[in-house]
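Peer 1: The structure under discussion is supplied below as structure tokens; questions concerning it will follow.
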Amino acid sequence: MNVAADNILTVRGLCKNFGALAVTQQVDLDLARGARIGLIGPNGAGKTTLVNLLTGMLSSDAGTIVIDGHHIEKAKPETRVRHGLVRTHQINTLLMETSVRDNVAIAVAERQNYAWRMLRYGPQWRACLDEAQHYLEEMRIGHAGDRRVSELPYGEQRLLEIAIGLSLKPRILLLDEPGAGIPSTEAHIIHEALESLPPDIAILLIEHDMDLVFKFAREIVVLVLGRVLTRDVPANISSNAEVRSVYLGRSVV
Amino acid sequence: MTNQQQATTQQQILAPAAMSRPFSPAMLWHLLPWVIALIFFFVGDGYHSLGTNILVMILFALSLDLALGYAGIITLGHAAFFGAGAYAAGIFAIHFNADPVLGLLAATAIAGLLGLLTGMLILHTRGETLLMLTLAIAAIFYEIANHARWLTGGDDGLSGIRVTPVFGLFRFDLWGKTAFLYALSVLFIWFIIAALVVRSPFGRSLDGIRQNTKRMRAIGTPVWWRLVAMYSLSAAMAGSAGALTAQSTRLVGLSTLELLTSGIVAVMLVLGGERRLYGAFIGAAIYVVVQDFAGSISPFIWMFVIGFLLIIIVLFFEGGLMGIIDSVVAKLKGKADASGQTGKRT
Ligand SMILES: Nc1ncnc2c1ncn2[C@@H]1O[C@H](COP(=O)(O)OP(=O)(O)OP(=O)(O)O)[C@@H](O)[C@H]1O
Ligand SMILES: [Mg+2]
């Protein structure tokens with residue numbers, strides 16, 4: 001494995017058990033600045049669990065997670081976000097009763113340290129709203145800012161997940177199946193959104209839509225039963241016999 | 001696929017924005033409760049202490065709205081802070097200083113501090129566990145007040161509270177007129193604070209925590225601290241309400257700490273409508289008035305009336321009485337600009 005000098009995220013020996021079930025086993029992972037890594041693996045391979053471990057939603061049993069020289073494996077989720085480690089969710093995790101723009105603005109306020117402001121906040125909150133609108137437009141849902149999230153079509157809710165992630169100015173963005181639940185006829189909106197992500201952010205894309213992964217990723221990590229099976233460029237992954245056998249019968253590309 | 005398009009009220013999103021708009025005639029409605037209160041002050045002879053009681057309960061219900069309504073902190077123990085504020089104000093007046101404003105500030109600070117400490121203890125939990133813990137803490141407060149006779153008077157209550165004139169100028173009169181204006185001023189200040197807080201980035205983050213804690217963790221919100229801060233603010237406000245009751249009635253009894261008191265204030269809030277600020281106003285006013293008038297006919301009638309109202313509200317009108325008003329207003333507006341999705345009940 002080529003450990004580049006400008007590694008931004010270094011994971012070593014990450015382990016997690018749910019009772020007897022070892023969902024994450026000795027996972028090593030390196031992300032360089034601006035990386036575009038695809039993470040694939042069958043259902044239940046432990047992809048979402050890995051994201052939960054990296055972001056601190058779950059605590060790991062063993063292993064180290066280092067961002068820019070800082071050990072964060074024991075840090076609280078909010079500390080990790082402040083180190084620039086941000087995720088999106090496989091299942092929409094949005095404030096359904098709140099407006100689309102406010103969903104993003106609340107995240108911006110958190111990043112800008114305005115979220116403790118109680119009495120004097122007019123200009124700051126307006127700045128958050130303006131910035132939020134900018135991220136909505138980047139994800140092409142700028143027209144929906146005033147609507148309640150619950151009124152938003154499902155596909156646009158997926159884009160809102162990404163817009164919130166971006167508004168936190170991540171250095172590492174973990175995208176957990178951004179296309180999940182989107183009909184294949186609409187998959188292109190996610191394609192386009194992914195293409196437009198800032199090039200300097202290191203991105204780990206989890207996705208079952210192989211078209212999406214193979215177009216987007218410059219390298220692919222295959223996770224099987226909580227273990228990294230292999231990591232390689234897309235061309236080699238699709239011809240890898242082991243990978244093919246994991247996706248038994250299903251052709252990878 | 002799951003195409004979630006529910007008919008929901010746009011008005012709920014737009015309402016906060018309406019407050020920050022420069023000026024519109026509709027904003028005059030916000031004067032209504034205060035105008036009513038002032039008219040009452042001039043014409044309500046003989047009912048000023050009832051009026052003060054309403055103001056106190058509005059303030060208490062408003063404090064619960066911050067914790068339960070906006071932040072989603074499930075509590076059935078808010079009387080702990082109301083009672084703590086009442087006893088603190090009473091004890092402060094008896095042993096330290098009879099100045100009402102100083103007493104109010106002291107009681108508010110003590111209740112806020114107690115909210116901070118107990119909040120730190122229990123706000124790691126949520127749901128039923130949290131509910132049980134709030135009950136337990138209120139029970140502990142009650143037992144402490146019950147046993148510390150030397151300080152609180154135990155079940156005889158705390159009496160002999162003196163109150164000097166407000167700012168050395170306005171003497172508390174026999175008819176409770178000064179007390180009414182004093183309580184109204186305190187309520188007004190807290191209302192402004194509450195209205196600012198719920199629209200602030202802080203308040204919005206708590207509304208976010210209520211809706212989806214996972215989302216807030218993912219954007220880096222220190223959820224526990226945020227909840228503790230709101231709980232403490234809410235406790236301070238409840239403490240102010242308790243202090244007002246102590247200073248206006250010159251009496252503090254164990255009933256201020258009772259489970260029933262926590263229950264009553266929750267009923268007021270649900271009746272009036274959570275997360276609407278004015279819900280606390282309507283709920284508390286109706287509750288106290290119905291209790292007073294129906295109660296004077298027969299003690300069972302008011303319970304029946306309140307119980308009946310509550311069931312109707314909970315079953316058919318989710319946003320409480322204020323929710324009904326909001327949806328009527330939205331319907332009228334919707335007719336005006338023909339863009340109206342005004343279905344209630346999300
Ligand atoms: N909180 C939990 N407690 C117990 N088992 C869990 C928990 N979360 C996940 N699992 C199990 O861990 C395994 C990995 O789950 P995970 O959600 O990480 O898979 P995944 O790779 O994201 O799958 P998918 O592609 O379906 O999203 C599964 O067998 C799942 O049932
Ligand atoms: Mg998953």
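Residue numbering restarts at 1 for every chain of the structure tokens, chains are lettered A, B, ... in their displayed order, and ligands are numbered from 1 as they appear.
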For chain B, work out the contacting residues on chain A at 6 Å, counting only C-alpha atoms, and write them as a ChimeraX atom specification.

Peer 2: /A:78,81,93,95,107,115-119,151,153-154

Peer 1: Please write out the residues within 10 Å of ligand 1 as a ChimeraX atom specification, counting only C-alpha atoms and all ligand atoms.

Peer 2: /A:16-24,39-53,58,90-91,176-177,180,206-208,223-226

Peer 1: Contacts of B:Tyr87 at 9 Å or less, counting only C-alpha atoms, minus same-chain residues fewer than 6 places along, as a CSV table (one decimal) with C-alpha atoms, in the first residue's frame?

Peer 2:
```csv
chain,number,residue,atom,x,y,z
B,107,ALA,CA,-34.2,32.8,43.4
B,145,ALA,CA,-38.3,20.9,51.9
B,152,THR,CA,-38.7,25.8,55.2
B,158,LEU,CA,-43.0,29.2,54.9
B,242,GLY,CA,-41.9,30.6,41.9
B,243,ALA,CA,-40.4,33.7,43.4
B,246,ALA,CA,-43.8,33.7,47.1
B,252,VAL,CA,-44.7,29.2,50.3
B,253,GLY,CA,-46.1,25.7,50.8
B,256,THR,CA,-45.2,24.3,45.0
```

Peer 1: Using only C-alpha atoms, which protein or nucleic acid residues come within 12 Å of stretch 128-130 of chain B? Drop anything in the same chain fewer than 2 positions from it, and give the result as number ranges by chain.

Peer 2: B: 68, 72-77, 118-126, 132-137

Peer 1: B:Ser185: which residues within 10 Å, counting only C-alpha atoms, same-chain residues fewer than 6 positions away excluded, as a VMD selection string?

Peer 2: chain B and resid 34 55 179 191

Peer 1: Take the residues from that selection and put them in a file with C-alpha atoms, as a short mmCIF file (atom, residue, chain, number, x, y, z; two decimals), in the first residue's frame.

Peer 2:
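Heads up, here's the output in selection-v7.cif:
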```
data_model
loop_
_atom_site.label_atom_id
_atom_site.label_comp_id
_atom_site.auth_asym_id
_atom_site.auth_seq_id
_atom_site.Cartn_x
_atom_site.Cartn_y
_atom_site.Cartn_z
CA TRP B 34 -50.08 42.87 26.97
CA LEU B 55 -49.23 35.64 35.07
CA ALA B 179 -47.93 42.67 42.55
CA PHE B 191 -41.13 36.54 27.26
#
```
